>>> print(open('protein.txt').read())   # compact mmCIF, C-alpha atoms
# COMPACT_ATOMS: atom_id res chain seq x y z
CA MET A 14 120.18 103.34 131.94
CA PRO A 15 122.58 104.72 129.28
CA ARG A 16 121.52 104.07 125.71
CA GLU A 17 124.85 102.36 124.94
CA HIS A 18 124.14 99.82 127.65
CA VAL A 19 120.69 99.13 126.18
CA LYS A 20 122.24 98.53 122.76
CA LEU A 21 124.80 96.11 124.16
CA ALA A 22 122.10 94.24 126.09
CA THR A 23 120.02 93.68 122.96
CA ASP A 24 122.23 93.39 119.88
CA ALA A 25 125.66 92.35 121.16
CA ALA A 26 124.12 89.28 122.78
CA PHE A 27 123.79 87.79 119.27
CA PRO A 28 126.48 87.09 116.68
CA PRO A 29 126.21 88.62 113.18
CA GLY A 30 123.56 87.05 110.97
CA ARG A 31 120.47 88.43 112.71
CA LEU A 32 116.97 88.78 111.26
CA TYR A 33 115.14 91.83 112.60
CA ILE A 34 111.35 92.04 112.28
CA VAL A 35 110.84 95.80 112.21
CA GLY A 36 107.58 97.66 112.69
CA THR A 37 107.08 100.69 110.42
CA PRO A 38 104.48 103.50 110.44
CA ILE A 39 100.93 102.63 109.33
CA GLY A 40 100.34 106.16 108.07
CA ASN A 41 101.89 108.91 110.15
CA LEU A 42 105.64 108.85 109.52
CA GLU A 43 106.31 109.96 113.10
CA ASP A 44 105.04 106.60 114.40
CA ILE A 45 108.41 104.85 114.28
CA THR A 46 110.68 104.05 117.19
CA LEU A 47 114.23 105.28 117.70
CA ARG A 48 115.33 101.66 117.81
CA ALA A 49 113.69 100.91 114.46
CA ILE A 50 115.50 103.85 112.84
CA ARG A 51 118.84 102.68 114.27
CA VAL A 52 118.34 99.07 113.16
CA LEU A 53 117.33 100.12 109.64
CA LYS A 54 120.53 102.17 109.44
CA GLU A 55 122.81 99.44 110.78
CA VAL A 56 121.62 96.31 108.95
CA ASP A 57 123.17 95.22 105.66
CA VAL A 58 119.88 95.09 103.75
CA VAL A 59 116.17 95.80 104.23
CA ALA A 60 113.74 93.22 102.81
CA CYS A 61 110.43 94.89 101.98
CA GLU A 62 107.14 94.35 100.16
CA ASP A 63 107.45 97.41 97.91
CA THR A 64 110.97 98.81 97.56
CA ARG A 65 109.67 102.15 96.27
CA ARG A 66 107.34 102.65 99.22
CA THR A 67 109.97 101.63 101.77
CA ARG A 68 112.53 103.86 100.04
CA GLN A 69 110.30 106.86 100.77
CA LEU A 70 110.36 106.00 104.49
CA LEU A 71 114.12 105.41 104.50
CA ASP A 72 114.80 108.65 102.62
CA HIS A 73 112.64 110.56 105.10
CA TYR A 74 114.99 109.49 107.90
CA GLY A 75 118.20 109.73 105.89
CA ILE A 76 118.70 105.94 105.80
CA THR A 77 120.82 104.75 102.89
CA THR A 78 120.63 100.98 103.51
CA ARG A 79 120.08 98.87 100.39
CA THR A 80 116.67 97.26 99.87
CA VAL A 81 115.53 93.99 98.32
CA SER A 82 111.97 92.95 97.48
CA TYR A 83 110.23 90.33 99.57
CA HIS A 84 106.51 89.83 98.91
CA ASN A 85 103.85 87.16 98.42
CA HIS A 86 104.83 86.52 94.81
CA ASN A 87 108.56 85.95 95.31
CA GLU A 88 108.97 84.72 98.91
CA LEU A 89 109.22 81.07 97.85
CA MET A 90 112.52 81.84 96.13
CA ARG A 91 113.60 84.92 98.08
CA ALA A 92 113.39 83.38 101.57
CA PRO A 93 116.14 80.76 100.93
CA GLU A 94 118.32 83.47 99.34
CA LEU A 95 118.02 85.64 102.45
CA ILE A 96 118.77 82.66 104.71
CA VAL A 97 122.05 82.11 102.85
CA ARG A 98 122.96 85.76 103.36
CA LEU A 99 122.09 85.53 107.05
CA GLU A 100 124.24 82.42 107.45
CA ASP A 101 127.08 84.32 105.76
CA GLY A 102 126.88 86.88 108.57
CA GLU A 103 124.70 89.63 107.10
CA ASN A 104 122.10 91.34 109.31
CA ILE A 105 118.73 91.78 107.60
CA ALA A 106 115.65 93.81 108.54
CA LEU A 107 112.26 92.59 107.34
CA VAL A 108 109.57 95.26 106.98
CA SER A 109 106.09 95.38 105.47
CA ASP A 110 104.48 98.31 103.68
CA ALA A 111 102.94 99.39 106.99
CA GLY A 112 102.89 98.13 110.58
CA MET A 113 104.37 94.90 111.92
CA PRO A 114 105.44 92.30 109.34
CA LEU A 115 103.69 88.90 109.30
CA VAL A 116 100.38 90.34 110.62
CA SER A 117 98.30 89.75 107.46
CA ASP A 118 101.56 90.38 105.56
CA PRO A 119 104.30 88.13 104.08
CA GLY A 120 107.23 86.94 106.17
CA HIS A 121 106.17 83.68 107.82
CA ARG A 122 108.25 81.53 105.45
CA LEU A 123 111.40 83.55 106.14
CA VAL A 124 110.96 83.53 109.93
CA LYS A 125 110.18 79.80 109.93
CA LEU A 126 113.36 79.07 107.95
CA ALA A 127 115.41 81.35 110.20
CA VAL A 128 114.21 79.51 113.31
CA ARG A 129 114.97 76.17 111.65
CA HIS A 130 118.53 77.33 110.86
CA ASN A 131 119.08 78.70 114.39
CA ILE A 132 119.31 82.27 113.13
CA PRO A 133 118.38 84.86 115.80
CA VAL A 134 114.98 86.44 115.04
CA ILE A 135 114.67 89.77 116.85
CA PRO A 136 111.36 91.71 116.92
CA VAL A 137 111.50 95.51 116.86
CA PRO A 138 107.91 96.43 117.82
CA GLY A 139 106.13 99.28 116.10
CA ALA A 140 102.80 100.70 115.02
CA SER A 141 99.86 98.35 114.45
CA ALA A 142 96.41 99.16 113.06
CA LEU A 143 95.04 96.28 115.13
CA VAL A 144 96.33 97.58 118.45
CA ALA A 145 95.40 101.18 117.58
CA THR A 146 91.83 100.13 116.77
CA LEU A 147 91.51 98.08 119.95
CA ALA A 148 92.79 100.96 122.07
CA ALA A 149 90.42 103.56 120.64
CA ALA A 150 87.34 101.41 120.05
CA GLY A 151 85.76 101.54 123.49
CA LEU A 152 84.42 97.98 123.21
CA PRO A 153 85.16 95.00 125.49
CA LEU A 154 88.49 93.42 124.58
CA GLU A 155 88.35 90.20 126.60
CA GLU A 156 88.47 87.09 124.44
CA CYS A 157 89.04 89.10 121.27
CA LEU A 158 89.61 86.92 118.20
CA PHE A 159 91.68 88.24 115.28
CA VAL A 160 90.78 86.53 111.98
CA GLY A 161 92.85 88.48 109.43
CA PHE A 162 90.80 89.23 106.31
CA LEU A 163 87.33 87.74 105.87
CA PRO A 164 86.91 85.45 102.84
CA SER A 165 86.21 87.44 99.68
CA LYS A 166 83.45 85.21 98.28
CA HIS A 167 79.96 85.66 99.63
CA LEU A 168 79.06 82.04 100.40
CA VAL A 169 82.46 81.20 101.89
CA ARG A 170 82.32 84.36 104.01
CA GLN A 171 78.88 83.53 105.42
CA LYS A 172 79.95 80.00 106.31
CA PHE A 173 83.13 81.37 107.90
CA LEU A 174 81.13 83.85 109.97
CA GLY A 175 78.81 81.05 111.04
CA LYS A 176 81.76 79.38 112.77
CA LEU A 177 82.35 82.56 114.82
CA ARG A 178 78.95 82.67 116.53
CA GLY A 179 80.51 81.68 119.85
CA ALA A 180 83.21 84.38 119.74
CA ARG A 181 82.74 87.50 121.86
CA SER A 182 84.77 90.24 120.15
CA ILE A 183 86.04 89.72 116.59
CA LEU A 184 88.75 91.81 114.94
CA PHE A 185 89.52 91.77 111.22
CA HIS A 186 90.80 93.77 108.26
CA GLU A 187 88.57 94.43 105.27
CA ALA A 188 89.06 95.80 101.78
CA PRO A 189 87.03 98.98 101.10
CA GLN A 190 85.28 97.44 98.09
CA ARG A 191 83.98 94.55 100.23
CA VAL A 192 83.18 96.19 103.57
CA VAL A 193 79.49 96.79 102.76
CA GLU A 194 78.94 93.18 101.70
CA SER A 195 80.79 91.93 104.78
CA LEU A 196 78.66 94.04 107.12
CA GLN A 197 75.54 92.73 105.39
CA ASP A 198 76.68 89.15 105.95
CA ILE A 199 77.57 89.89 109.59
CA LEU A 200 74.09 91.30 110.13
CA VAL A 201 72.52 88.16 108.64
CA VAL A 202 74.73 85.57 110.33
CA LEU A 203 75.77 87.15 113.65
CA GLY A 204 73.01 89.68 114.27
CA ASP A 205 73.01 93.40 114.97
CA ARG A 206 75.99 93.65 117.32
CA PRO A 207 78.02 96.70 118.42
CA VAL A 208 80.80 97.51 115.97
CA VAL A 209 83.64 99.97 115.46
CA LEU A 210 84.93 100.54 111.95
CA ALA A 211 88.35 102.22 111.92
CA ARG A 212 89.39 103.81 108.65
CA GLU A 213 92.77 105.29 107.68
CA VAL A 214 94.14 105.00 111.23
CA THR A 215 96.89 107.61 111.96
CA LYS A 216 96.44 109.17 108.51
CA LEU A 217 94.99 112.55 107.52
CA HIS A 218 91.44 111.24 107.13
CA GLU A 219 91.41 108.97 110.19
CA GLU A 220 87.87 108.05 111.19
CA PHE A 221 86.14 105.81 113.72
CA LEU A 222 82.53 104.85 112.99
CA ARG A 223 80.73 103.50 116.05
CA GLY A 224 77.28 102.00 116.48
CA TYR A 225 75.44 98.80 115.70
CA VAL A 226 76.17 96.88 112.50
CA SER A 227 72.91 98.05 110.90
CA GLU A 228 73.74 101.71 111.64
CA VAL A 229 77.31 101.59 110.36
CA LEU A 230 76.18 99.61 107.32
CA LEU A 231 73.64 102.30 106.45
CA ARG A 232 76.31 104.99 106.66
CA MET A 233 78.66 102.97 104.49
CA GLN A 234 75.96 102.46 101.86
CA ARG A 235 75.37 106.20 101.57
CA ARG A 236 78.91 107.19 100.61
CA PRO A 237 81.98 105.87 98.79
CA VAL A 238 84.30 103.80 100.97
CA ARG A 239 88.04 104.41 100.68
CA GLY A 240 91.20 103.63 102.59
CA GLU A 241 92.46 100.84 104.81
CA ILE A 242 89.81 99.46 107.16
CA THR A 243 89.96 97.53 110.44
CA VAL A 244 86.73 96.32 112.05
CA LEU A 245 86.10 95.38 115.68
CA LEU A 246 82.85 93.53 116.21
CA GLY A 247 81.77 93.66 119.84
CA PRO A 248 80.05 90.92 121.87
CA PRO A 249 76.27 90.51 121.65
CA ASP A 250 74.25 92.58 124.13
CA GLU A 251 70.61 92.80 125.10
CA ASN A 252 69.81 94.51 121.79
CA THR A 253 71.23 91.67 119.71
CA ASN A 254 68.79 89.09 118.42
CA GLN A 255 70.28 85.84 119.66
CA GLY A 256 67.06 83.92 120.17
CA SER A 257 66.41 83.07 116.54
CA PRO A 258 67.70 79.76 115.19
CA PRO A 259 70.94 79.79 113.17
CA ILE A 260 70.37 81.13 109.68
CA PRO A 261 71.46 78.86 106.83
CA ALA A 262 74.56 80.14 105.08
CA SER A 263 72.95 79.81 101.66
CA VAL A 264 69.89 81.84 100.61
CA GLY A 265 69.38 79.42 97.74
CA GLU A 266 69.16 76.41 100.07
CA ASP A 267 66.68 78.29 102.23
CA VAL A 268 64.57 79.23 99.19
CA GLU A 269 64.50 75.64 97.97
CA ARG A 270 63.44 74.43 101.42
CA VAL A 271 60.57 76.94 101.62
CA MET A 272 59.44 76.07 98.08
CA ALA A 273 59.32 72.38 98.98
CA GLU A 274 57.62 72.88 102.33
CA GLN A 275 55.00 75.41 101.23
CA GLY A 276 54.55 74.48 97.57
CA ILE A 277 55.17 78.03 96.34
CA ASP A 278 57.27 79.44 93.50
CA GLU A 279 60.76 80.89 93.84
CA ARG A 280 59.57 84.52 93.91
CA ALA A 281 57.22 83.94 96.82
CA ALA A 282 59.76 81.78 98.62
CA LEU A 283 62.41 84.47 98.25
CA LYS A 284 60.06 87.01 99.81
CA ALA A 285 59.45 84.68 102.76
CA VAL A 286 63.16 83.99 103.19
CA ALA A 287 63.98 87.72 103.14
CA LYS A 288 61.39 88.37 105.84
CA ALA A 289 62.73 85.53 108.01
CA ARG A 290 66.29 86.83 107.65
CA GLY A 291 65.34 90.40 108.44
CA ILE A 292 66.65 91.76 105.15
CA SER A 293 65.00 93.37 102.12
CA LYS A 294 63.79 91.29 99.21
CA SER A 295 66.27 93.06 96.95
CA ASP A 296 69.16 92.10 99.24
CA ALA A 297 67.96 88.50 99.33
CA TYR A 298 67.69 88.48 95.52
CA ARG A 299 71.18 89.92 95.19
CA GLN A 300 72.63 87.23 97.47
CA LEU A 301 70.74 84.54 95.53
CA GLN A 302 72.23 85.74 92.23
CA ILE A 303 75.74 85.82 93.74
CA GLU A 304 75.28 82.24 94.96
CA LYS A 305 74.14 81.10 91.52
CA SER A 306 77.11 82.78 89.84
CA GLU A 307 79.54 81.09 92.25
CA LYS A 308 78.30 77.57 91.55
>>> encode(input="protein.txt", output="structure tokens")
Amino acid sequence: MPREHVKLATDAAFPPGRLYIVGTPIGNLEDITLRAIRVLKEVDVVACEDTRRTRQLLDHYGITTRTVSYHNHNELMRAPELIVRLEDGENIALVSDAGMPLVSDPGHRLVKLAVRHNIPVIPVPGASALVATLAAAGLPLEECLFVGFLPSKHLVRQKFLGKLRGARSILFHEAPQRVVESLQDILVVLGDRPVVLAREVTKLHEEFLRGYVSEVLLRMQRRPVRGEITVLLGPPDENTNQGSPPIPASVGEDVERVMAEQGIDERAALKAVAKARGISKSDAYRQLQIEKSEK
């Protein structure tokens, strides 16, 4: 089918005043579609998280379209402004710093308002760290649950993970400074399940770490962790300890219970709790101190 016919079948079906949701590269600049390049050239303005970062991409492809910032800190005011421009007949492309907008990135408010105002919202699919990780992981993908970013606070994260015990495969993003703590909590709450940790996908230092949570955790503890990380936690298998009762989310609550039941001091109770949880006493002590600081 001639390219001109494809263009007419997609864009000409809508009047001016279209909102395009455009996928951009997640690392390798070659991971952008011909359609995305054309749309970014033809729209009136590109709304982006970081105008400087998006400008680098646009300059790479010789795109001179004007940009305007749209991020978590200004979307409350910026979204209505863009809706007015769309209603006036401008075509706008929404992009994130990397990948598809709205997937753990800002944009929901703008799309919701566009739908409410009967403004055409047109997706232009592109690269995605989530899809790339799923494709290369080699783990079962049926019933995979994407949960965005795990909570940053230790206690909240453990309670959140506790609600995922029934999920088979779990996919999430994680910040490099928290990935070790998150793997520790996964090991405590969900057990030693298969996992794939994808780091810097499509970039120069792309890496996939495969194994059980305990194995990948050990490797992460032995070296600095850098870059953008996506984690796929596989379903439990015969090597996963599922027979033990659910572990309380709070080490402190567990310590207090053991102290009351056995009439021992906190130090001895902490040792018993660490043994029951399958973690070192130092890890249990660290979690206890975090819990106390968060109260």
>>> closest_residue(input="protein.txt", among="A:His167, A:Val209, A:Leu222, A:Arg98", to="Ser306 (chain A)", atoms="all atoms listed in the file")
A:His167
>>> residues_around(input="protein.txt", residues="Arg270 (chain A)", least_positions_apart="6", cutoff="10 Å", atoms="only C-alpha atoms", output="PyMOL selection string")
chain A and resi 264+276+282+286
>>> atom_distance(input="protein.txt", atom1="CA of Gly247 (chain A)", atom2="CA of Ala140 (chain A)")
22.7 Å
>>> closest_residue(input="protein.txt", among="A:Leu200, A:Val226, A:Leu95, A:Ile34", to="Gly139 (chain A)", atoms="all atoms listed in the file")
A:Ile34
>>> closest_residue(input="protein.txt", among="A:Pro249, A:Pro133, A:Gly179, A:Pro138", to="Gly204 (chain A)", atoms="all atoms listed in the file")
A:Pro249
>>> closest_residue(input="protein.txt", among="A:Glu103, A:Glu88, A:Glu241, A:Glu43", to="Glu55 (chain A)", atoms="all atoms listed in the file")
A:Glu103
>>> residues_around(input="protein.txt", residues="Ser165 (chain A)", least_positions_apart="3", cutoff="8 Å", atoms="only C-alpha atoms", output="list in words")
Val169, Arg170 and Arg191 of chain A
>>> residues_around(input="protein.txt", residues="Leu163 (chain A)", least_positions_apart="6", cutoff="8 Å", atoms="all atoms listed in the file", output="PyMOL selection string")
chain A and resi 170+173+185-187+195
>>> closest_residue(input="protein.txt", among="A:Ser182, A:Thr146, A:Ser141, A:Thr243", to="Leu203 (chain A)", atoms="only C-alpha atoms")
A:Ser182
>>> atom_distance(input="protein.txt", atom1="CA of Asp198 (chain A)", atom2="CA of Leu168 (chain A)")
9.3 Å
>>> closest_residue(input="protein.txt", among="A:Val59, A:Gly151, A:Arg122, A:Thr37", to="Leu89 (chain A)", atoms="all atoms listed in the file")
A:Arg122
>>> residues_around(input="protein.txt", residues="Asp63 (chain A)", least_positions_apart="4", cutoff="12 Å", atoms="all atoms listed in the file", output="list in words")
Val59, Thr67, Arg68, Gln69, Leu70, Thr80, Val81, Ser82, Tyr83, His84, Asn85, His86, Asn87, Leu107, Val108, Ser109, Asp110, Ala111, Asp118 and Pro119 of chain A
>>> write_last_selection(input="protein.txt", atoms="C-alpha atoms", output="short mmCIF file (atom, residue, chain, number, x, y, z; two decimals), in the frame of the given file")
data_model
loop_
_atom_site.label_atom_id
_atom_site.label_comp_id
_atom_site.auth_asym_id
_atom_site.auth_seq_id
_atom_site.Cartn_x
_atom_site.Cartn_y
_atom_site.Cartn_z
CA VAL A 59 116.17 95.80 104.23
CA THR A 67 109.97 101.63 101.77
CA ARG A 68 112.53 103.86 100.04
CA GLN A 69 110.30 106.86 100.77
CA LEU A 70 110.36 106.00 104.49
CA THR A 80 116.67 97.26 99.87
CA VAL A 81 115.53 93.99 98.32
CA SER A 82 111.97 92.95 97.48
CA TYR A 83 110.23 90.33 99.57
CA HIS A 84 106.51 89.83 98.91
CA ASN A 85 103.85 87.16 98.42
CA HIS A 86 104.83 86.52 94.81
CA ASN A 87 108.56 85.95 95.31
CA LEU A 107 112.26 92.59 107.34
CA VAL A 108 109.57 95.26 106.98
CA SER A 109 106.09 95.38 105.47
CA ASP A 110 104.48 98.31 103.68
CA ALA A 111 102.94 99.39 106.99
CA ASP A 118 101.56 90.38 105.56
CA PRO A 119 104.30 88.13 104.08
#
